[in-house]
Every structure is written in structure tokens, then in C-alpha cells.
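Peer 1: There's a structure below that I have some questions on.
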Amino acid sequence: MNKVILIGRLTKDPEVRYTQTGKAVARFTLAVDRRFVRRDADSGQQTADFIPIVVWDKLAEVCGNNLVKGRRISVEGRLQVRSYEAQDGTRRYVTEVNASDVEFLDSKNAAQADGSYSQSAPAAPQPAGGADSFGPPIPDEEIPF
């Protein structure tokens, strides 16, 4: 069985391209924190792995239109190892995750509030009449769930 499930943050905005047959393909890198701290690190900072992700077809277009640097996502897919011949004639190997499912774990609105995303994220739409158009805020105690 070849199944990979990852949770992490995008290191940059996805790059969407189209094949000669018109099929969309998006590529991005996911920074996935490790659960342990490197023993040789004096700073005690978490270590991350940077995993290349490839997404195809409609899901690639959705990712290209909605994902930005810093966005937290879940990726499910399969590990793929492929090789190609470089311009200098050497054989190169690439290991990447071919994603079949991508789930957005936070919102663009949250990104704007804490500034953790790039400037390319669009601002949240505001109601026509201003912030108070929806009426007064409801206290948490009165919400039935």
C-alpha cells in the first residue's frame, strides 16, 4: 500500500501550469514539522521537512486559486519516485507526493488577521453597509451550540 497523509504549511504560492493537452498541474512545497527536536541543535527549534507536492486536474486549479504561502493544509496521496535525464546527460531522481485530496485547515480570513500569509491573499469581503450591517454581536452564552 502506498498512502501518504501530511499536515503542514505552504512555503510559497502554488505554481499552476497546463500540459499540452490542457490538463492542469499545480506544484508546491509543504513544510511539515517533525515531532522531535534535533539533538545537535542548540536553539531547540523545531525541524521541518520540505515535501514537494503535485496536484492534477480540477484540484490543481482549486489549489492555485485558493492557496497562498503560509496556508495550513492537509494532503493525502501517494509517494512517487520518478527519474529523468538532465541537460548534462546525468540521470536525476525526484521524490514527490502525488496528491489525491487537499483539505484547507484554516481560512484566508485568519491569515489576514495574524499576518502569517503573503500579501497575495485577497481581503475578506465586507458587507455593503459596513461592519455593523449584521446587527449587534450575540454573546457566546446565547448561542445554542
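Naming scheme: A, B, ... for chains in displayed order of the C-alpha cells; residues 1 onward per chain; ligands 1 onward as shown.
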Please provide the set of residues having any atom within 8 Å of region 4-18 of chain A, restricted to only C-alpha atoms, with same-chain residues fewer than 6 positions apart removed, written as a list in words.

Peer 2: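 The residues satisfying every condition are Ala24, Val25, Ala26, Arg27, Phe28, Thr29, Leu30, Ala31, Val32, Asp33, Ala60, Glu61, Cys63, Gly64, Leu67, Val68, Lys69, Gly70, Arg71, Arg72, Ile73, Ser74, Val75, Glu76, Gly77, Arg78, Leu79 and Val97 of chain A.
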
Peer 1: Can you measure CA of Ser83 (chain A) to CA of Gly22 (chain A) for me? One decimal in Å is fine.

Peer 2: 23.3 Å

Peer 1: Take CA of Val94 (chain A) and CA of Asn66 (chain A) and report the distance between them in Å, one decimal.

Peer 2: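 About the pair CA of Val94 (chain A) and CA of Asn66 (chain A): they are 26.1 Å apart.
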
Peer 1: Quick one, how far is CA of Val81 (chain A) from CA of Pro52 (chain A)?

Peer 2: 11.3 Å
